[in-house]
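Read the structure below first, then the notes.
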Amino acid sequence: MENLNPVHHVIEVFSNAWWIMNISLIIIIISILFLTKNKSISQRETVAKVIALVLFIDFVFKQALMYYSDKWLITYSLPLELCSLSVFLGIYILLSKSQIGYELLICWSAGAVHSFLTPEITTGGSLINHIDYTISHSGILLSGFYATTRLGYRPRPKSWLTIFYYSQLLIPIIGFLDFYLNANYMYLRTKPLVDNPFIIGDWPYYIIGLEFVALMHFYLFCKLHEWLSKKSSEVNSV
């Protein structure tokens, strides 16, 4: 199938841009978690609001930049990718208390990890798009880690399985919009161009494979956050 996004930009793995992006991710997450380690609850909640504000501003700025540069197209500019939805989840749980929203976020944040390992920027390869990509995807992971280690969230038993069931609802909805708009949100019409070992075969077989991969990732990420929550509780009780 033809490329449905004419401005996509693939970053080569282990290139200079790849290293800069991934090192920036690590620095952002570790720095904020370290700086908030011994802060009070009210201070941590204030930082959570700041993170949410940065994510919101970044989203609005990206949309405005595409619109005023005549690059906004309904076929690839709507926030219908899993990572875009995760950004909104991150903002939501940082500003309010939502257990199901938190569990959705930590499971879906697995996609942000792969976005860094095999980056494909759908808005183009300019420097500003690299920065936006780094901020938004770092924010997804940071929001989940911050909620677990600084705000007291913890995934419920078997929540990974519940989230997997809920996530299936997205497929027919986004799939219909892809068909109606001639778009490729969530890569449901054609696979991404990046060289990811989890993407096997052509349409529709790679989608079936990604379902099993998603289930595995949801389980692993929930277990990771359970462990982080336990460690954080032990540290705070000392």
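Residue numbering restarts at 1 for every chain of the structure tokens, chains are lettered A, B, ... in their displayed order, and ligands are numbered from 1 as they appear.
With only C-alpha atoms taken into account, the protein and nucleic acid residues at most 10 Å from Ser229 in chain A (excluding it and anything under 6 positions from it in its own chain) are Phe145, Ala147, Thr148, Thr149, Arg150, Leu151, Gly152, Tyr153, Arg154, Pro155, Lys223 and Val235 of chain A.
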Requested write-out: C-alpha atoms of the selected residues, as a compact mmCIF listing (two decimals), in the first residue's frame:
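Just written: part.txt:
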# COMPACT_ATOMS: atom_id res chain seq x y z
CA PHE A 145 6.48 7.24 36.13
CA ALA A 147 2.13 9.25 38.82
CA THR A 148 3.50 5.96 40.16
CA THR A 149 6.49 7.23 42.12
CA ARG A 150 5.36 10.71 43.18
CA LEU A 151 1.54 10.75 43.26
CA GLY A 152 0.84 7.34 44.81
CA TYR A 153 -0.81 5.59 41.89
CA ARG A 154 -0.53 1.81 41.57
CA PRO A 155 -1.96 -0.52 38.91
CA LYS A 223 4.47 -5.22 36.56
CA VAL A 235 11.37 4.78 50.56
_Which of range 23-231 of chain A DSSP labels alpha helix (DSSP H), written as a ChimeraX atom specification_ = /A:23-35,41-68,82-95,99-108,110-117,127-150,159-167,170-181,205-231
_Who sits within 10 Å of range 187-202 of chain A, only C-alpha atoms, same chain under 6 positions skipped, as a PyMOL selection string_ = chain A and resi 1-4+8-13+81-82+114-115+117-120+171-172+174-176+178-179+208-210+212-214
Using only C-alpha atoms, please write the residues we just selected to a file, as a PDB file, in the first residue's frame.
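Writing done, so here's result_15.pdb:
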ATOM      1  CA  MET A   1       0.000   0.000   0.000  1.00  0.00           C
ATOM      2  CA  GLU A   2       1.196   3.511  -0.765  1.00  0.00           C
ATOM      3  CA  ASN A   3       2.570   5.877   1.846  1.00  0.00           C
ATOM      4  CA  LEU A   4      -0.462   7.748   3.201  1.00  0.00           C
ATOM      5  CA  HIS A   8       6.810  11.359   7.504  1.00  0.00           C
ATOM      6  CA  HIS A   9      10.442  11.308   8.583  1.00  0.00           C
ATOM      7  CA  VAL A  10      12.217   8.165   9.780  1.00  0.00           C
ATOM      8  CA  ILE A  11      15.210   8.625  12.107  1.00  0.00           C
ATOM      9  CA  GLU A  12      17.882   6.022  11.532  1.00  0.00           C
ATOM     10  CA  VAL A  13      18.633   3.903  14.603  1.00  0.00           C
ATOM     11  CA  GLU A  81      -2.417   8.089  17.253  1.00  0.00           C
ATOM     12  CA  LEU A  82      -1.983   6.054  20.429  1.00  0.00           C
ATOM     13  CA  HIS A 114       9.102   2.064  20.667  1.00  0.00           C
ATOM     14  CA  SER A 115       8.650   5.586  19.337  1.00  0.00           C
ATOM     15  CA  LEU A 117      13.707   3.085  19.738  1.00  0.00           C
ATOM     16  CA  THR A 118      12.457   3.318  16.137  1.00  0.00           C
ATOM     17  CA  PRO A 119      11.354   6.945  15.618  1.00  0.00           C
ATOM     18  CA  GLU A 120       9.060   7.952  12.771  1.00  0.00           C
ATOM     19  CA  ILE A 171      -9.524  -0.456  16.469  1.00  0.00           C
ATOM     20  CA  PRO A 172     -12.983  -0.265  14.812  1.00  0.00           C
ATOM     21  CA  ILE A 174      -9.942   4.518  14.337  1.00  0.00           C
ATOM     22  CA  GLY A 175     -10.209   2.002  11.499  1.00  0.00           C
ATOM     23  CA  PHE A 176     -13.484   3.564  10.343  1.00  0.00           C
ATOM     24  CA  ASP A 178      -8.938   5.862   8.529  1.00  0.00           C
ATOM     25  CA  PHE A 179     -11.207   4.456   5.834  1.00  0.00           C
ATOM     26  CA  ILE A 208      -2.584  -9.392  14.462  1.00  0.00           C
ATOM     27  CA  GLY A 209       1.041  -9.742  15.542  1.00  0.00           C
ATOM     28  CA  LEU A 210       0.989  -6.338  17.220  1.00  0.00           C
ATOM     29  CA  PHE A 212       0.009 -10.153  20.912  1.00  0.00           C
ATOM     30  CA  VAL A 213       2.936  -7.777  21.337  1.00  0.00           C
ATOM     31  CA  ALA A 214       0.644  -5.185  22.956  1.00  0.00           C
TER      32      ALA A 214
END
*Please identify all polymer residues within 12 Å of Leu127 in chain A, counting only C-alpha atoms, omitting same-chain residues fewer than 4 positions from it, and present them as JSON, numbers by chain.*
{"A": [9, 17, 20, 21, 121, 123, 131, 132, 133, 134]}
I need the chosen residues saved as a PDB file, in the first residue's frame, with N, CA and C atoms.
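Final output, out-v5.pdb:
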ATOM      1  N   HIS A   9       8.979  11.264   8.543  1.00  0.00           N
ATOM      2  CA  HIS A   9      10.442  11.308   8.583  1.00  0.00           C
ATOM      3  C   HIS A   9      10.930  10.207   9.518  1.00  0.00           C
ATOM      4  N   ALA A  17      20.963  11.915  15.556  1.00  0.00           N
ATOM      5  CA  ALA A  17      19.635  12.385  15.987  1.00  0.00           C
ATOM      6  C   ALA A  17      18.990  11.374  16.933  1.00  0.00           C
ATOM      7  N   ILE A  20      20.710  11.698  20.387  1.00  0.00           N
ATOM      8  CA  ILE A  20      20.298  12.942  21.050  1.00  0.00           C
ATOM      9  C   ILE A  20      18.894  12.800  21.616  1.00  0.00           C
ATOM     10  N   MET A  21      17.997  12.222  20.829  1.00  0.00           N
ATOM     11  CA  MET A  21      16.613  12.063  21.255  1.00  0.00           C
ATOM     12  C   MET A  21      16.506  11.138  22.469  1.00  0.00           C
ATOM     13  N   ILE A 121       8.712  10.348  12.659  1.00  0.00           N
ATOM     14  CA  ILE A 121       8.036  11.610  12.929  1.00  0.00           C
ATOM     15  C   ILE A 121       7.061  11.890  11.793  1.00  0.00           C
ATOM     16  N   THR A 123       5.133  14.390  11.283  1.00  0.00           N
ATOM     17  CA  THR A 123       4.918  15.796  10.918  1.00  0.00           C
ATOM     18  C   THR A 123       6.084  16.392  10.144  1.00  0.00           C
ATOM     19  N   ILE A 131      12.132  18.343  18.276  1.00  0.00           N
ATOM     20  CA  ILE A 131      11.964  18.799  19.664  1.00  0.00           C
ATOM     21  C   ILE A 131      10.573  18.446  20.177  1.00  0.00           C
ATOM     22  N   ASP A 132       9.566  18.715  19.355  1.00  0.00           N
ATOM     23  CA  ASP A 132       8.192  18.392  19.748  1.00  0.00           C
ATOM     24  C   ASP A 132       8.037  16.894  19.991  1.00  0.00           C
ATOM     25  N   TYR A 133       8.593  16.090  19.113  1.00  0.00           N
ATOM     26  CA  TYR A 133       8.513  14.632  19.240  1.00  0.00           C
ATOM     27  C   TYR A 133       9.141  14.174  20.549  1.00  0.00           C
ATOM     28  N   THR A 134      10.293  14.759  20.891  1.00  0.00           N
ATOM     29  CA  THR A 134      10.990  14.387  22.127  1.00  0.00           C
ATOM     30  C   THR A 134      10.185  14.800  23.352  1.00  0.00           C
TER      31      THR A 134
END
_Can you tell me which residues surround Gly139 in chain A at a distance of at most 9 Å, considering only C-alpha atoms, apart from same-chain residues fewer than 3 positions away, and format the answer as number ranges by chain?_
A: 25, 28-29, 51-52, 54-55, 87, 90, 134-136, 142-144
Selected residues written out, N, CA and C atoms, as a PDB file, in the first residue's frame:
ATOM      1  N   LEU A  25      15.567  11.982  26.436  1.00  0.00           N
ATOM      2  CA  LEU A  25      14.491  11.290  27.156  1.00  0.00           C
ATOM      3  C   LEU A  25      14.946  10.892  28.550  1.00  0.00           C
ATOM      4  N   ILE A  28      15.539  13.993  30.872  1.00  0.00           N
ATOM      5  CA  ILE A  28      14.285  14.636  31.288  1.00  0.00           C
ATOM      6  C   ILE A  28      13.627  13.851  32.414  1.00  0.00           C
ATOM      7  N   ILE A  29      13.478  12.549  32.233  1.00  0.00           N
ATOM      8  CA  ILE A  29      12.770  11.730  33.224  1.00  0.00           C
ATOM      9  C   ILE A  29      13.548  11.636  34.530  1.00  0.00           C
ATOM     10  N   ILE A  51       4.039  19.857  34.553  1.00  0.00           N
ATOM     11  CA  ILE A  51       4.261  18.866  33.486  1.00  0.00           C
ATOM     12  C   ILE A  51       3.057  18.827  32.555  1.00  0.00           C
ATOM     13  N   ALA A  52       1.865  18.806  33.130  1.00  0.00           N
ATOM     14  CA  ALA A  52       0.640  18.787  32.325  1.00  0.00           C
ATOM     15  C   ALA A  52       0.547  20.032  31.453  1.00  0.00           C
ATOM     16  N   VAL A  54       3.030  21.896  30.311  1.00  0.00           N
ATOM     17  CA  VAL A  54       4.033  21.797  29.235  1.00  0.00           C
ATOM     18  C   VAL A  54       3.518  20.893  28.114  1.00  0.00           C
ATOM     19  N   LEU A  55       2.908  19.770  28.470  1.00  0.00           N
ATOM     20  CA  LEU A  55       2.377  18.859  27.463  1.00  0.00           C
ATOM     21  C   LEU A  55       1.255  19.512  26.669  1.00  0.00           C
ATOM     22  N   VAL A  87      -0.842  11.374  25.442  1.00  0.00           N
ATOM     23  CA  VAL A  87      -0.520  12.718  25.930  1.00  0.00           C
ATOM     24  C   VAL A  87      -1.706  13.294  26.700  1.00  0.00           C
ATOM     25  N   GLY A  90      -2.011  11.589  29.974  1.00  0.00           N
ATOM     26  CA  GLY A  90      -1.011  12.100  30.902  1.00  0.00           C
ATOM     27  C   GLY A  90      -1.452  13.403  31.536  1.00  0.00           C
ATOM     28  N   THR A 134      10.293  14.759  20.891  1.00  0.00           N
ATOM     29  CA  THR A 134      10.990  14.387  22.127  1.00  0.00           C
ATOM     30  C   THR A 134      10.185  14.800  23.352  1.00  0.00           C
ATOM     31  N   ILE A 135       9.652  16.024  23.341  1.00  0.00           N
ATOM     32  CA  ILE A 135       8.884  16.516  24.489  1.00  0.00           C
ATOM     33  C   ILE A 135       7.624  15.690  24.699  1.00  0.00           C
ATOM     34  N   SER A 136       6.859  15.490  23.640  1.00  0.00           N
ATOM     35  CA  SER A 136       5.578  14.800  23.786  1.00  0.00           C
ATOM     36  C   SER A 136       5.757  13.343  24.216  1.00  0.00           C
ATOM     37  N   LEU A 142       7.146  10.089  31.283  1.00  0.00           N
ATOM     38  CA  LEU A 142       7.325  10.810  32.537  1.00  0.00           C
ATOM     39  C   LEU A 142       6.025  10.865  33.329  1.00  0.00           C
ATOM     40  N   SER A 143       4.907  11.107  32.656  1.00  0.00           N
ATOM     41  CA  SER A 143       3.618  11.195  33.350  1.00  0.00           C
ATOM     42  C   SER A 143       3.301   9.899  34.092  1.00  0.00           C
ATOM     43  N   GLY A 144       3.551   8.770  33.430  1.00  0.00           N
ATOM     44  CA  GLY A 144       3.293   7.488  34.079  1.00  0.00           C
ATOM     45  C   GLY A 144       4.214   7.231  35.248  1.00  0.00           C
TER      46      GLY A 144
END
*May I have all residues of range 4-235 of chain A that DSSP, computed from the backbone, assigns to strand (DSSP E or B), given as a VMD selection string?*
chain A and resid 9 to 10 120 to 121
Generate the output file for the selected residues, N, CA and C atoms, as a short mmCIF file (atom, residue, chain, number, x, y, z; two decimals), in the first residue's frame.
data_model
loop_
_atom_site.label_atom_id
_atom_site.label_comp_id
_atom_site.auth_asym_id
_atom_site.auth_seq_id
_atom_site.Cartn_x
_atom_site.Cartn_y
_atom_site.Cartn_z
N HIS A 9 8.98 11.26 8.54
CA HIS A 9 10.44 11.31 8.58
C HIS A 9 10.93 10.21 9.52
N VAL A 10 11.68 9.27 8.99
CA VAL A 10 12.22 8.17 9.78
C VAL A 10 13.63 8.52 10.24
N GLU A 120 9.62 7.52 14.05
CA GLU A 120 9.06 7.95 12.77
C GLU A 120 8.21 9.19 13.06
N ILE A 121 8.71 10.35 12.66
CA ILE A 121 8.04 11.61 12.93
C ILE A 121 7.06 11.89 11.79
#
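CA of Tyr205 in chain A to CA of Leu181 in chain A spans 22.4 Å [interatomic distance, one decimal].
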Taking 5 positions as the minimum chain separation for residues in the same chain, which residues sit within 8 Å of Ile93 in chain A when counting only C-alpha atoms? Answer as a short mmCIF file (atom, residue, chain, number, x, y, z; two decimals) with N, CA and C atoms, in the first residue's frame.
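What follows is the written file result_16.cif:
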data_model
loop_
_atom_site.label_atom_id
_atom_site.label_comp_id
_atom_site.auth_asym_id
_atom_site.auth_seq_id
_atom_site.Cartn_x
_atom_site.Cartn_y
_atom_site.Cartn_z
N SER A 98 -7.66 9.58 38.50
CA SER A 98 -8.38 8.62 37.66
C SER A 98 -7.57 7.34 37.58
N GLY A 101 -7.71 5.86 34.01
CA GLY A 101 -6.91 6.69 33.12
C GLY A 101 -5.42 6.42 33.32
N TYR A 102 -5.03 6.25 34.57
CA TYR A 102 -3.63 5.93 34.90
C TYR A 102 -3.23 4.59 34.30
N ALA A 147 3.36 9.63 38.12
CA ALA A 147 2.13 9.25 38.82
C ALA A 147 2.38 8.08 39.77
#
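The smallest atom-to-atom distance between Leu53 in chain A and any of A:Ile41, A:Ile173, A:Ile91, A:Cys83, using only C-alpha atoms, is found for A:Ile91.
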